[in-house]
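Peer 1: File input_0.csv follows (CSV, C-alpha atoms):
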```csv
chain,number,residue,atom,x,y,z
A,14,MET,CA,0.0,0.0,0.0
A,15,TYR,CA,2.9,2.3,0.7
A,16,ASP,CA,4.0,2.2,-2.9
A,17,TRP,CA,0.5,3.3,-4.1
A,18,TYR,CA,0.6,6.2,-1.6
A,19,VAL,CA,4.0,7.3,-3.1
A,20,ARG,CA,2.6,7.1,-6.6
A,21,LEU,CA,-0.4,9.2,-5.6
A,22,ILE,CA,1.5,12.0,-3.9
A,23,HIS,CA,3.8,12.3,-6.9
A,24,ALA,CA,0.9,12.4,-9.3
A,25,ALA,CA,-1.0,14.9,-7.0
A,26,CYS,CA,2.0,17.2,-6.7
A,27,ALA,CA,2.4,17.4,-10.5
A,28,CYS,CA,-1.4,17.9,-10.8
A,29,ALA,CA,-1.3,20.7,-8.1
A,30,LEU,CA,1.4,22.6,-10.1
A,31,VAL,CA,-0.8,22.4,-13.2
A,32,VAL,CA,-3.8,23.6,-11.2
A,33,VAL,CA,-1.9,26.5,-9.8
A,34,VAL,CA,-0.6,27.7,-13.2
A,35,LEU,CA,-4.0,27.2,-14.8
A,36,GLY,CA,-5.7,29.1,-12.0
A,37,ALA,CA,-3.3,32.0,-12.7
A,38,TYR,CA,-4.2,31.8,-16.4
A,39,VAL,CA,-7.9,31.8,-15.6
A,40,ARG,CA,-7.5,34.9,-13.3
A,41,LEU,CA,-5.2,36.8,-15.8
A,42,THR,CA,-7.6,36.2,-18.7
A,43,ASP,CA,-10.5,37.6,-16.6
A,44,ALA,CA,-12.2,34.2,-16.6
A,45,GLY,CA,-12.7,34.0,-12.8
A,46,LEU,CA,-16.4,34.7,-13.2
A,47,GLY,CA,-16.6,32.9,-16.5
A,48,CYS,CA,-19.1,30.7,-14.7
A,49,PRO,CA,-21.3,32.9,-12.4
A,50,ASP,CA,-22.4,29.9,-10.3
A,51,TRP,CA,-20.8,27.0,-8.4
A,52,PRO,CA,-20.1,24.1,-8.8
A,53,GLY,CA,-21.7,24.1,-12.2
A,54,CYS,CA,-21.5,26.6,-15.0
A,55,TYR,CA,-24.7,28.4,-15.9
A,56,GLY,CA,-26.5,25.6,-14.0
A,57,GLU,CA,-24.8,22.8,-15.9
A,58,LEU,CA,-21.8,20.6,-14.9
A,59,ILE,CA,-20.8,20.6,-18.6
A,60,LEU,CA,-21.1,23.9,-20.6
A,61,PRO,CA,-24.0,23.6,-23.1
A,62,ALA,CA,-22.8,23.1,-26.6
A,63,ASP,CA,-25.9,23.9,-28.8
A,64,ASP,CA,-27.3,27.4,-29.2
A,65,SER,CA,-30.7,26.7,-27.7
A,66,ALA,CA,-29.2,25.3,-24.5
A,67,ARG,CA,-26.8,28.2,-24.3
A,68,ALA,CA,-29.7,30.6,-24.7
A,69,ALA,CA,-31.5,28.9,-21.8
A,70,ALA,CA,-28.4,29.1,-19.7
A,71,GLN,CA,-28.0,32.8,-20.5
A,72,ALA,CA,-31.6,33.4,-19.6
A,73,ALA,CA,-31.0,31.9,-16.1
A,74,PHE,CA,-28.1,34.4,-15.5
A,75,PRO,CA,-29.1,37.5,-17.5
A,76,ASP,CA,-26.6,39.7,-15.7
A,77,ARG,CA,-23.6,37.6,-16.8
A,78,PRO,CA,-23.2,37.3,-20.6
A,79,LEU,CA,-22.0,33.9,-21.5
A,80,ASP,CA,-18.5,33.8,-22.9
A,81,ALA,CA,-17.8,30.2,-23.9
A,82,GLY,CA,-14.0,30.7,-23.9
A,83,LYS,CA,-14.0,32.1,-20.4
A,84,ALA,CA,-16.5,29.5,-19.1
A,85,TRP,CA,-14.5,26.6,-20.5
A,86,ARG,CA,-11.3,27.9,-19.0
A,87,GLU,CA,-13.0,28.1,-15.6
A,88,MET,CA,-14.6,24.7,-15.9
A,89,ILE,CA,-11.4,22.9,-17.0
A,90,HIS,CA,-9.7,24.5,-13.9
A,91,ARG,CA,-12.5,23.1,-11.7
A,92,TYR,CA,-12.3,19.7,-13.3
A,93,LEU,CA,-8.6,19.4,-12.7
A,94,ALA,CA,-8.9,20.8,-9.1
A,95,SER,CA,-11.6,18.2,-8.4
A,96,GLY,CA,-9.2,15.5,-9.8
A,97,LEU,CA,-6.5,16.8,-7.5
A,98,GLY,CA,-8.8,16.6,-4.6
A,99,PHE,CA,-9.7,13.0,-5.4
A,100,LEU,CA,-6.0,12.0,-5.6
A,101,ILE,CA,-5.4,13.6,-2.2
A,102,LEU,CA,-8.4,11.9,-0.7
A,103,LEU,CA,-7.1,8.5,-1.9
A,104,ALA,CA,-3.6,9.2,-0.6
A,105,ALA,CA,-5.0,10.3,2.8
A,106,ALA,CA,-7.2,7.1,3.0
A,107,ILE,CA,-4.3,4.9,2.2
A,108,SER,CA,-2.0,6.7,4.7
A,109,TRP,CA,-4.6,6.2,7.5
A,110,ARG,CA,-5.3,2.6,6.6
A,111,ASN,CA,-1.5,1.9,6.4
A,112,ARG,CA,-0.6,3.9,9.5
A,113,GLU,CA,1.1,0.9,11.2
A,114,ASP,CA,3.7,0.9,8.5
A,115,PRO,CA,6.8,2.7,10.0
A,116,ARG,CA,7.5,4.3,6.6
A,117,GLN,CA,4.0,5.7,6.3
A,118,PRO,CA,3.2,9.3,7.5
A,119,HIS,CA,-0.5,9.7,8.3
A,120,VAL,CA,-0.9,13.0,10.3
A,121,LEU,CA,0.4,15.3,7.5
A,122,PRO,CA,-1.7,13.6,4.8
A,123,MET,CA,-4.8,14.1,6.9
A,124,ILE,CA,-3.9,17.8,7.4
A,125,LEU,CA,-3.5,18.0,3.6
A,126,LEU,CA,-7.0,16.6,3.1
A,127,GLY,CA,-8.4,19.3,5.4
A,128,VAL,CA,-6.5,22.0,3.5
A,129,VAL,CA,-7.8,20.8,0.1
A,130,ILE,CA,-11.4,20.7,1.5
A,131,PHE,CA,-11.1,24.3,2.6
A,132,GLN,CA,-9.5,25.1,-0.7
A,133,GLY,CA,-12.7,23.9,-2.4
A,134,ILE,CA,-14.7,26.2,-0.1
A,135,LEU,CA,-12.5,29.1,-1.1
A,136,GLY,CA,-13.0,28.2,-4.7
A,137,MET,CA,-16.8,28.5,-4.2
A,138,TRP,CA,-16.4,31.8,-2.3
A,139,THR,CA,-14.3,33.2,-5.1
A,140,VAL,CA,-17.3,33.0,-7.4
A,141,THR,CA,-20.1,33.6,-5.0
A,142,LEU,CA,-18.4,36.6,-3.4
A,143,LEU,CA,-17.5,38.1,-6.8
A,144,LEU,CA,-13.7,37.9,-6.8
A,145,LYS,CA,-13.3,39.4,-3.4
A,146,PRO,CA,-9.5,40.1,-3.2
A,147,LEU,CA,-9.1,38.6,0.3
A,148,ILE,CA,-10.7,35.3,-1.0
A,149,VAL,CA,-8.8,35.3,-4.3
A,150,MET,CA,-5.5,35.8,-2.4
A,151,ALA,CA,-6.4,33.1,0.2
A,152,HIS,CA,-7.3,30.7,-2.7
A,153,LEU,CA,-3.9,31.3,-4.3
A,154,ILE,CA,-2.2,30.7,-0.9
A,155,GLY,CA,-4.3,27.6,-0.4
A,156,GLY,CA,-3.2,26.2,-3.8
A,157,LEU,CA,0.4,26.8,-3.1
A,158,THR,CA,0.1,25.4,0.4
A,159,THR,CA,-1.4,22.2,-1.1
A,160,THR,CA,1.5,21.9,-3.5
A,161,GLY,CA,4.0,22.6,-0.8
A,162,ILE,CA,2.6,19.9,1.5
A,163,LEU,CA,2.6,17.4,-1.3
A,164,PHE,CA,6.2,18.2,-2.1
A,165,TRP,CA,7.2,18.0,1.6
A,166,LEU,CA,5.7,14.5,1.7
A,167,ILE,CA,7.7,13.6,-1.4
A,168,LEU,CA,10.9,14.9,0.2
A,169,ASP,CA,10.1,12.9,3.4
A,170,HIS,CA,9.8,9.8,1.3
A,171,HIS,CA,13.1,10.3,-0.6
A,172,ARG,CA,15.0,11.3,2.5
A,173,ARG,CA,13.4,9.0,5.0
A,174,LYS,CA,16.6,7.0,5.7
A,175,GLN,CA,18.5,10.2,6.7
A,176,PRO,CA,18.2,10.9,10.4
A,177,ARG,CA,16.8,14.2,11.5
A,178,THR,CA,19.1,16.9,12.8
A,179,ALA,CA,19.3,20.6,13.2
A,180,HIS,CA,21.6,22.3,10.7
A,181,PRO,CA,22.8,25.9,11.5
A,182,ILE,CA,21.1,27.3,8.4
A,183,THR,CA,17.7,25.8,9.3
A,184,ALA,CA,16.6,29.0,11.1
A,185,LEU,CA,17.6,31.2,8.1
A,186,ALA,CA,15.9,28.8,5.7
A,187,LEU,CA,12.7,29.0,7.8
A,188,ILE,CA,12.9,32.9,7.9
A,189,SER,CA,13.4,32.9,4.2
A,190,LEU,CA,10.4,30.6,3.7
A,191,VAL,CA,8.2,32.9,5.8
A,192,ALA,CA,9.4,36.0,3.8
A,193,LEU,CA,8.6,34.2,0.6
A,194,GLY,CA,5.2,33.3,1.8
A,195,MET,CA,4.5,36.9,2.7
A,196,GLN,CA,5.7,38.0,-0.8
A,197,ILE,CA,3.5,35.5,-2.5
A,198,SER,CA,0.6,36.8,-0.5
A,199,LEU,CA,1.5,40.3,-1.6
A,200,GLY,CA,1.6,39.0,-5.2
A,201,GLY,CA,-1.9,37.6,-4.8
A,202,TRP,CA,-3.1,40.9,-3.4
A,203,THR,CA,-1.5,42.8,-6.3
A,204,SER,CA,-3.1,40.5,-8.9
A,205,SER,CA,-6.6,40.4,-7.3
A,206,ASN,CA,-6.7,44.2,-7.0
A,207,TYR,CA,-5.5,44.6,-10.6
A,208,ALA,CA,-2.4,46.5,-9.6
A,209,ALA,CA,0.3,44.7,-11.6
A,210,MET,CA,0.9,47.7,-13.8
A,211,ALA,CA,0.3,50.5,-11.3
A,212,CYS,CA,4.0,51.3,-11.5
A,213,PRO,CA,4.8,51.1,-15.3
A,214,ASP,CA,8.5,52.0,-15.1
A,215,LEU,CA,11.7,50.6,-13.5
A,216,PRO,CA,13.5,51.1,-11.2
A,217,THR,CA,11.3,54.1,-10.2
A,218,CYS,CA,7.5,54.1,-9.8
A,219,GLY,CA,5.9,56.8,-11.9
A,220,GLY,CA,9.2,58.5,-12.1
A,221,GLU,CA,9.6,58.6,-8.3
A,222,TRP,CA,11.7,56.5,-6.0
A,223,TRP,CA,9.0,56.8,-3.4
A,224,PRO,CA,5.6,57.6,-5.0
A,225,ASP,CA,4.0,60.5,-3.2
A,226,GLU,CA,0.5,59.7,-4.4
A,227,ALA,CA,0.5,56.1,-2.9
A,228,ASP,CA,-2.5,55.6,-0.6
A,229,PHE,CA,-1.3,52.8,1.7
A,230,ALA,CA,-4.3,53.1,4.1
A,231,GLU,CA,-6.8,52.4,1.3
A,232,ALA,CA,-4.6,49.8,-0.4
A,233,PHE,CA,-4.8,47.2,2.4
A,234,VAL,CA,-8.4,47.3,3.5
A,235,MET,CA,-9.1,43.6,3.7
A,236,TRP,CA,-12.9,43.6,3.8
A,237,ARG,CA,-15.3,46.0,2.1
A,238,GLY,CA,-18.5,44.2,2.7
A,239,LEU,CA,-20.7,41.9,0.6
A,240,GLY,CA,-22.2,42.4,-2.7
A,241,VAL,CA,-19.3,44.3,-4.3
A,242,ASP,CA,-18.3,43.1,-7.8
A,243,TYR,CA,-14.5,43.2,-7.8
A,244,GLU,CA,-14.0,42.1,-11.5
A,245,GLY,CA,-11.7,44.7,-12.9
A,246,GLY,CA,-10.9,46.1,-9.5
A,247,VAL,CA,-12.5,48.8,-7.4
A,248,LEU,CA,-9.5,50.7,-6.1
A,249,GLU,CA,-8.4,54.1,-7.3
A,250,THR,CA,-4.9,54.6,-8.8
A,251,PRO,CA,-3.1,55.8,-5.6
A,252,ALA,CA,-4.2,52.6,-3.7
A,253,ARG,CA,-3.1,50.4,-6.6
A,254,VAL,CA,0.3,52.2,-6.7
A,255,ALA,CA,0.7,51.5,-3.0
A,256,ILE,CA,0.0,47.8,-3.4
A,257,HIS,CA,2.4,47.5,-6.4
A,258,PHE,CA,5.2,49.4,-4.6
A,259,THR,CA,4.8,47.3,-1.5
A,260,HIS,CA,5.1,44.2,-3.6
A,261,ARG,CA,8.3,45.6,-5.1
A,262,LEU,CA,9.8,46.3,-1.6
A,263,GLY,CA,8.8,42.8,-0.5
A,264,ALA,CA,10.5,41.4,-3.5
A,265,ILE,CA,13.8,43.1,-2.5
A,266,VAL,CA,13.6,41.8,1.1
A,267,ALA,CA,12.6,38.2,0.1
A,268,SER,CA,15.3,38.1,-2.6
A,269,LEU,CA,18.0,39.2,-0.2
A,270,LEU,CA,16.9,36.6,2.4
A,271,LEU,CA,16.6,33.8,-0.1
A,272,GLY,CA,20.0,34.7,-1.7
A,273,LEU,CA,21.6,34.7,1.7
A,274,ALA,CA,20.1,31.3,2.6
A,275,ALA,CA,21.4,29.9,-0.7
A,276,TRP,CA,24.9,31.4,-0.2
A,277,ARG,CA,25.1,29.9,3.3
A,278,ALA,CA,23.9,26.6,2.0
A,279,TRP,CA,26.5,26.6,-0.7
A,280,GLN,CA,29.2,27.3,1.9
A,281,ALA,CA,27.9,24.5,4.1
A,282,GLY,CA,28.6,22.1,1.2
A,283,GLY,CA,27.5,18.5,1.0
A,284,ALA,CA,23.9,17.8,0.0
A,285,LEU,CA,22.9,21.4,0.7
A,286,ARG,CA,24.8,22.6,-2.4
A,287,PRO,CA,22.3,21.2,-5.0
A,288,ALA,CA,19.5,22.7,-3.0
A,289,ALA,CA,21.3,26.0,-3.1
A,290,VAL,CA,21.7,25.8,-6.9
A,291,TRP,CA,18.0,25.1,-7.4
A,292,LEU,CA,17.0,28.0,-5.2
A,293,VAL,CA,19.3,30.4,-7.0
A,294,CYS,CA,18.1,29.3,-10.4
A,295,ALA,CA,14.4,29.7,-9.4
A,296,LEU,CA,15.0,33.1,-7.7
A,297,ALA,CA,16.9,34.4,-10.7
A,298,ALA,CA,14.2,33.3,-13.1
A,299,GLN,CA,11.5,34.9,-10.9
A,300,ILE,CA,13.3,38.2,-10.7
A,301,ALA,CA,13.9,38.3,-14.4
A,302,ILE,CA,10.2,37.5,-15.1
A,303,GLY,CA,9.1,40.2,-12.7
A,304,LEU,CA,11.2,42.8,-14.4
A,305,GLY,CA,10.0,41.6,-17.8
A,306,ILE,CA,6.4,42.0,-16.8
A,307,VAL,CA,6.9,45.7,-16.0
A,308,ARG,CA,9.3,46.3,-19.0
A,309,PHE,CA,6.9,44.7,-21.6
A,310,GLY,CA,3.6,45.7,-20.1
A,311,LEU,CA,2.2,42.6,-18.4
A,312,PRO,CA,2.2,40.1,-21.3
A,313,LEU,CA,0.0,37.1,-20.5
A,314,SER,CA,2.8,34.6,-21.1
A,315,LEU,CA,5.1,36.3,-18.6
A,316,ALA,CA,2.4,37.0,-16.1
A,317,THR,CA,1.4,33.3,-16.1
A,318,MET,CA,5.0,32.2,-15.8
A,319,HIS,CA,5.4,34.5,-12.8
A,320,ASN,CA,2.9,32.5,-10.9
A,321,GLY,CA,4.3,29.2,-12.1
A,322,VAL,CA,7.9,30.1,-11.2
A,323,ALA,CA,6.7,31.4,-7.8
A,324,ALA,CA,5.4,27.9,-7.1
A,325,LEU,CA,8.8,26.5,-8.2
A,326,LEU,CA,10.6,29.0,-6.0
A,327,LEU,CA,8.5,27.9,-3.1
A,328,LEU,CA,9.4,24.3,-3.7
A,329,ALA,CA,13.1,25.1,-4.0
A,330,THR,CA,12.9,26.9,-0.7
A,331,LEU,CA,11.1,24.0,0.9
A,332,ASN,CA,13.7,21.7,-0.5
A,333,LEU,CA,16.5,23.7,1.1
A,334,THR,CA,14.6,23.8,4.4
A,335,HIS,CA,13.9,20.1,4.4
A,336,ALA,CA,17.5,19.3,3.4
A,337,SER,CA,18.8,21.4,6.3
A,338,ARG,CA,16.8,19.3,8.8
A,339,ARG,CA,18.6,16.1,7.8
A,340,GLN,CA,22.0,14.9,8.8
A,341,LEU,CA,24.3,16.2,6.1
A,342,PRO,CA,28.1,16.7,5.7
A,343,MET,CA,29.0,20.0,7.3
A,344,HIS,CA,31.9,22.2,6.5
A,345,SER,CA,32.9,25.2,8.6
A,346,VAL,CA,32.1,28.5,7.0
A,347,THR,CA,34.7,30.2,9.2
A,348,ARG,CA,38.2,30.5,7.8
```
Can you give me the file's structure in the form of structure tokens?
Peer 2:
Amino acid sequence: MYDWYVRLIHAACACALVVVVLGAYVRLTDAGLGCPDWPGCYGELILPADDSARAAAQAAFPDRPLDAGKAWREMIHRYLASGLGFLILLAAAISWRNREDPRQPHVLPMILLGVVIFQGILGMWTVTLLLKPLIVMAHLIGGLTTTGILFWLILDHHRRKQPRTAHPITALALISLVALGMQISLGGWTSSNYAAMACPDLPTCGGEWWPDEADFAEAFVMWRGLGVDYEGGVLETPARVAIHFTHRLGAIVASLLLGLAAWRAWQAGGALRPAAVWLVCALAAQIAIGLGIVRFGLPLSLATMHNGVAALLLLATLNLTHASRRQLPMHSVTR
């Protein structure tokens, strides 16, 4: 049974990455409300194909014009997310049934199952609460949390024979992981408030090193009540500038911490060096894509890649953190 569990978590992790990237694509193509209801789409589990059925579906939701392309993108995302949930359910069931096996973790798979159930609820609220930024951001974090837990379980499997220990860089790796999590959250807040191009120039923002017009108080109001349609955003330009600029500042802090963690891991040597290399590669790619988004005006390909590479950067950071918690060859960094 353990072998089936291993196959399931590998498949689920790959599926989770696809779901995260596809979710970003759905959001960036303004298809988040491509289906105005949940779990179906215009009252159907499969989007109607013939004209009469589509006309009937449109009549049921007269305030939401049916765009077949957006609807299909949203529904494909839901189908894949449902498949991911099923894989995780199977893995959790096997882990619990096989819990007497010393190789088999069972607590974390059950936590993962709880996370993915809540993620489904967030998916519903994303639609029913009309793309409320707090919910959209939480949905993004939930998707990456799901992916991260799956990857951690995979790392546990591959390194299960290595005894646990405390490496000197573990604390720095954890701090970097927290900083990255906060930066990803800021990215979700930036995207859900349509602030990605609020600062259209580099390295300044609107020609200023510190934008005087930025409205930080308005930018981070988490809850604005119910019944507000957030498609296209509701914030004025000064608030969007504040969000974008904060995201830039967060990127600097997170990059410095991640770079420092990678450097210390490289100095430590042993099995930490490959983890450092993967982290540096993912970080460099993410920085380059972020700069390209501003330079080229938010092209869809780069914006989608920005989300996908953020997921890979998270996994690289988790890999470094996990590796630092195992017994590894240590080399003194003091000369």
Peer 1: Residues at most 8 Å from segment 108-122 of chain A, counting all atoms listed in the file, excluding those fewer than 4 positions away in the same chain, as a VMD selection string?
Peer 2: chain A and resid 14 to 15 18 101 104 126 162 166 170 173
Peer 1: Give me the segment 199-279 of chain A side of the contact with segment 177-192 of chain A, cut-off 12 Å, one line per residue showing its nearest atom pair and distance in Å at one decimal, counting all atoms listed in the file, sorted by chain and residue number, as CSV.
Peer 2:
```
residue,atom,partner,partner_atom,distance
A:Leu199,CA,A:Ala192,CA,10.5
A:His260,CA,A:Ala192,CA,11.9
A:Leu262,CA,A:Ala192,CA,11.6
A:Gly263,CA,A:Ala192,CA,8.1
A:Ala264,CA,A:Ala192,CA,9.1
A:Ile265,CA,A:Ala192,CA,10.5
A:Val266,CA,A:Ala192,CA,7.7
A:Ala267,CA,A:Ala192,CA,5.4
A:Ser268,CA,A:Ser189,CA,8.8
A:Leu269,CA,A:Ser189,CA,9.0
A:Leu270,CA,A:Ser189,CA,5.4
A:Leu271,CA,A:Ser189,CA,5.4
A:Gly272,CA,A:Ser189,CA,9.0
A:Leu273,CA,A:Leu185,CA,8.3
A:Ala274,CA,A:Ala186,CA,5.8
A:Ala275,CA,A:Ala186,CA,8.5
A:Trp276,CA,A:Ile182,CA,10.3
A:Arg277,CA,A:Ile182,CA,7.0
A:Ala278,CA,A:Ile182,CA,7.0
A:Trp279,CA,A:Ile182,CA,10.6
```
Peer 1: Could you tell me which of A:Leu58, A:Cys48, A:Asp242, A:Ala289 comes closest to Gln71 of chain A if we count only C-alpha atoms?
Peer 2: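 Going through A:Leu58, A:Cys48, A:Asp242, A:Ala289 one by one, the smallest distance to Gln71 of chain A is for A:Cys48.
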Peer 1: Just give me the gap between atom CA of Gln299 of chain A and atom CA of Thr160 of chain A in Å, one decimal is fine.
Peer 2: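 Taking atom CA of Gln299 of chain A as the start and atom CA of Thr160 of chain A as the end point, the length is 18.0 Å.
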Peer 1: A:Glu249, A:Ala284, A:Ala255, A:Ala209: which is nearest Phe309 of chain A, counting all atoms listed in the file?
Peer 2: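 Answer, going by the shortest atom-to-atom distance: A:Ala209.
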Peer 1: Rounded to one decimal, what separation in Å do you get between atom CA of Trp138 of chain A and atom CA of Leu248 of chain A?
Peer 2: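 Value for the atom CA of Trp138 of chain A-atom CA of Leu248 of chain A distance: 20.5 Å.
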Peer 1: Need the shell around Cys26 of chain A: protein/DNA/RNA residues with any atom at most 7 Å away, counting only C-alpha atoms. Skip same-chain ones fewer than 3 positions apart. Format as a list in words?
Peer 2: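 Residues near the query, excluding close chain neighbours: Ile22, His23, Ala29, Leu30, Thr160, Leu163 and Phe164 of chain A.
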Peer 1: Keeping only C-alpha atoms, write those residues as a JSON list (two decimals), in the coordinates of the input.
Peer 2:
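Below you can see part-v2.json, which holds the result:
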```
[["chain", "number", "residue", "atom", "x", "y", "z"],
["A", 22, "ILE", "CA", 1.50, 12.00, -3.90],
["A", 23, "HIS", "CA", 3.80, 12.30, -6.90],
["A", 29, "ALA", "CA", -1.30, 20.70, -8.10],
["A", 30, "LEU", "CA", 1.40, 22.60, -10.10],
["A", 160, "THR", "CA", 1.50, 21.90, -3.50],
["A", 163, "LEU", "CA", 2.60, 17.40, -1.30],
["A", 164, "PHE", "CA", 6.20, 18.20, -2.10]]
```
Peer 1: Every residue with an atom at most 6 Å from (15.0, 30.0, -2.6) (file coordinates; only C-alpha atoms) is what I'm after, so could you write them as a list in words?
Peer 2: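 Those within range, by chain then number, are Leu271, Leu292, Leu296, Leu326, Ala329 and Thr330 of chain A.
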Peer 1: State, in Å with one decimal place, the distance from atom CA of Arg20 of chain A to atom CA of Thr317 of chain A.
Peer 2: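 Distance between the two atoms: 27.9 Å.
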Peer 1: At a cut-off of 6 Å around the point (-9.3, 31.1, -20.0) (file coordinates), what residues fall inside when counting only C-alpha atoms? I'd like the answer as a list in words.
Peer 2: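 I get Val39, Thr42, Ala44, Lys83 and Arg86 of chain A for the residues within 6 Å of that point.
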Peer 1: Smallest atom-to-atom distance to Met137 of chain A: which of A:Cys54, A:Val322, A:Ala211, A:Ala105, using only C-alpha atoms?
Peer 2: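 Once distances to Met137 of chain A are computed over only C-alpha atoms, the minimum belongs to A:Cys54.
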Peer 1: Please provide as number ranges by chain all residues within 10 Å of Pro52 of chain A, with the sequence filter that same-chain residues fewer than 4 positions apart are discarded (counting all atoms listed in the file).
Peer 2: A: 48, 56-58, 88, 91, 133, 136-137, 140
Peer 1: Which of these, A:Ala281, A:Leu142, A:Ala208, A:Val293, has the shortest distance to Val241 of chain A once you count all atoms listed in the file?
Peer 2: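 Looking at the shortest contact to Val241 of chain A, the residue is A:Leu142.
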Peer 1: List the neighbours of Thr203 of chain A out to 10 Å using only C-alpha atoms; skip same-chain residues closer than 3 positions along the sequence, and give me the result as a PyMOL selection string.
Peer 2: chain A and resi 146+150+197-200+206-211+232+253-260
Peer 1: Could you check which of A:Val307, A:Leu193, A:Val290, A:Leu135 is closest to Leu153 of chain A, using all atoms listed in the file?
Peer 2: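 Of all the options, A:Leu135 lies closest to Leu153 of chain A.
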Peer 1: Find the residue from A:Cys294, A:Ile154, A:Ala336, A:Val129 that sits nearest to Gly36 of chain A; use only C-alpha atoms when measuring.
Peer 2: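 Of the candidates, the smallest distance to Gly36 of chain A is held by A:Ile154.
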Peer 1: Using all atoms listed in the file, determine which residues lie at most 10 Å from Arg237 of chain A, disregarding the query and same-chain residues fewer than 2 positions distant; provide the list as a PyMOL selection string.
Peer 2: chain A and resi 145-147+234-235+239-241
Peer 1: Generate the output file for the selected residues, C-alpha atoms, as an mmCIF file, in the coordinates of the input.
Peer 2:
```
data_model
loop_
_atom_site.group_PDB
_atom_site.id
_atom_site.type_symbol
_atom_site.label_atom_id
_atom_site.label_comp_id
_atom_site.auth_asym_id
_atom_site.auth_seq_id
_atom_site.Cartn_x
_atom_site.Cartn_y
_atom_site.Cartn_z
ATOM 1 C CA LYS A 145 -13.300 39.400 -3.400
ATOM 2 C CA PRO A 146 -9.500 40.100 -3.200
ATOM 3 C CA LEU A 147 -9.100 38.600 0.300
ATOM 4 C CA VAL A 234 -8.400 47.300 3.500
ATOM 5 C CA MET A 235 -9.100 43.600 3.700
ATOM 6 C CA LEU A 239 -20.700 41.900 0.600
ATOM 7 C CA GLY A 240 -22.200 42.400 -2.700
ATOM 8 C CA VAL A 241 -19.300 44.300 -4.300
#
```
